[in-house]
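Student: There's a structure below that I have some questions on.
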Amino acid sequence: MNTNSLTPSPILLVPFFLFLSTIIFPTPSAASTTSDIALLHTPEILAVQSATSTLVGDGTKLYSLNTETRAAEEIATLPSRIVRIEPESGDRALVLVTGEIRFLRDPFGELRRVNLDTGDQELLASGFINPHGLAIEPGGVSALITDGTGIMRFDLISRIVTHLAPVANAGPDQTLWLTGATTTTQ
């Protein structure tokens with residue numbers, strides 16, 4: 001028995017896969033705008049901004065997603081991967097990003113304020129070690145940040161960082177080097 005007769009010809013398979021790909025992955029029309037359904041790459045971080053708007057951290061990109069129309073509008077490109085987003089007011093949000101690597105397992109991080117209307121960014125502090133948590137405290141004048149050294153309070157007006165709770169295993173080699181902020185212990 002000839003086994004070649006059971007194997008489909010590559011010439012016959014190519015048109016079939018092209019047809020199948022147009023069904024599964026349709027190409028956008030020439031009239032595509034931001035009103036089309038959002039196609040994001042790696043959306044990892046979400047923060048509800050309003051009843052119909054959600055902020056999305058997709059790698060280094062910050063988007064505003066309209067949950068009714070399903071349209072996504074790019075707000076800003078940050079210098080590194082977005083870790084957390086906290087809306088401050090109608091037109092601003094705090095964004096915690098990982099930065100350059102200091103040690104193999106401890107990437108530096110930054111706290112930035114992003115204007116959601118213009119995309120303008122302000123660096124508030126940098127040097128957080130492996131940052132992973134962010135919350136704005138009631139009243140909106142300070143934020144809590146967690147990283148590899150513990151929990152800190154960052155005063156958004158004076159830019160003073162106060163260490164609230166250290167990590168039990170943080171040794172002297174995990175000194176927090178913050179730029180743009182003054183550190184204190186409590």
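Each chain in the structure tokens gets a letter, A, B and so on, in the order shown; residues start at 1 in every chain, and ligands are counted from 1 in the order they appear.
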Can you tell me which residues surround Leu111 in chain A at a distance of at most 9 Å, considering only C-alpha atoms, apart from same-chain residues fewer than 4 positions away, and format the answer as a VMD selection string?

Tutor: chain A and resid 94 to 97 122 to 126 128

Student: Which residues are close to Leu134 in chain A, i.e. within 7 Å by only C-alpha atoms, leaving aside same-chain residues fewer than 6 positions away? Reply as a list of chain:residue names.

Tutor: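 Listed by chain and then number, they are A:Arg84, A:Ala143, A:Leu144, A:Ile145, A:Thr146.
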
Student: How about saving the chosen residues, N, CA, C and O atoms kept, as a PDB file, in the first residue's frame?

Tutor:
ATOM      1  N   ARG A  84       0.857  47.565  39.183  1.00  0.00           N
ATOM      2  CA  ARG A  84      -0.403  47.959  39.814  1.00  0.00           C
ATOM      3  C   ARG A  84      -0.840  49.325  39.305  1.00  0.00           C
ATOM      4  O   ARG A  84      -0.014  50.157  38.952  1.00  0.00           O
ATOM      5  N   ALA A 143      -0.089  56.872  49.798  1.00  0.00           N
ATOM      6  CA  ALA A 143      -0.311  55.555  49.212  1.00  0.00           C
ATOM      7  C   ALA A 143       0.534  54.540  49.961  1.00  0.00           C
ATOM      8  O   ALA A 143       1.625  54.857  50.434  1.00  0.00           O
ATOM      9  N   LEU A 144       0.022  53.319  50.064  1.00  0.00           N
ATOM     10  CA  LEU A 144       0.779  52.227  50.643  1.00  0.00           C
ATOM     11  C   LEU A 144       1.386  51.423  49.510  1.00  0.00           C
ATOM     12  O   LEU A 144       0.717  51.150  48.505  1.00  0.00           O
ATOM     13  N   ILE A 145       2.651  51.041  49.668  1.00  0.00           N
ATOM     14  CA  ILE A 145       3.370  50.292  48.637  1.00  0.00           C
ATOM     15  C   ILE A 145       4.023  49.097  49.314  1.00  0.00           C
ATOM     16  O   ILE A 145       4.606  49.233  50.392  1.00  0.00           O
ATOM     17  N   THR A 146       3.920  47.929  48.686  1.00  0.00           N
ATOM     18  CA  THR A 146       4.643  46.761  49.181  1.00  0.00           C
ATOM     19  C   THR A 146       5.717  46.396  48.173  1.00  0.00           C
ATOM     20  O   THR A 146       5.523  46.509  46.963  1.00  0.00           O
TER      21      THR A 146
END

Student: With distances taken over only C-alpha atoms, which of A:Ala76, A:Ala71, A:Leu116, A:Leu39 is nearest to Arg92 in chain A?

Tutor: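 For Arg92 in chain A, the nearest of the candidates is A:Leu116.
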
Student: Do a neighbour search on range 154-156 of chain A at 7 Å with only C-alpha atoms, toss out local chain neighbours closer than 2 positions, and write the hits as a compact mmCIF listing (two decimals) with N, CA and C atoms, in the first residue's frame.

Tutor:
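So selection00.txt came out as:
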# COMPACT_ATOMS: atom_id res chain seq x y z
N VAL A 141 -4.03 61.43 50.26
CA VAL A 141 -2.76 62.14 50.36
C VAL A 141 -1.57 61.21 50.48
N SER A 142 -1.81 59.92 50.66
CA SER A 142 -0.71 58.98 50.76
C SER A 142 -1.11 57.65 50.14
N ALA A 143 -0.09 56.87 49.80
CA ALA A 143 -0.31 55.55 49.21
C ALA A 143 0.53 54.54 49.96
N LEU A 144 0.02 53.32 50.06
CA LEU A 144 0.78 52.23 50.64
C LEU A 144 1.39 51.42 49.51
N MET A 152 5.39 50.22 52.93
CA MET A 152 5.76 51.62 53.12
C MET A 152 4.57 52.51 52.87
N SER A 158 4.47 65.48 50.22
CA SER A 158 5.84 65.74 50.66
C SER A 158 6.85 64.77 50.06
N ARG A 159 6.35 63.65 49.52
CA ARG A 159 7.18 62.58 48.93
C ARG A 159 8.09 61.92 49.96
N ILE A 160 7.61 61.83 51.17
CA ILE A 160 8.34 61.13 52.23
C ILE A 160 7.83 59.70 52.30
N VAL A 161 8.78 58.76 52.35
CA VAL A 161 8.46 57.35 52.48
C VAL A 161 8.68 56.95 53.93
N THR A 162 7.67 56.33 54.53
CA THR A 162 7.79 55.84 55.90
C THR A 162 7.66 54.33 55.87

Student: With only C-alpha atoms as the basis for distance, which of A:Ala51, A:Ala135, A:Leu40, A:Ile45 is at the shortest distance from Asn66 in chain A?

Tutor: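 Nearest to Asn66 in chain A: A:Ala51.
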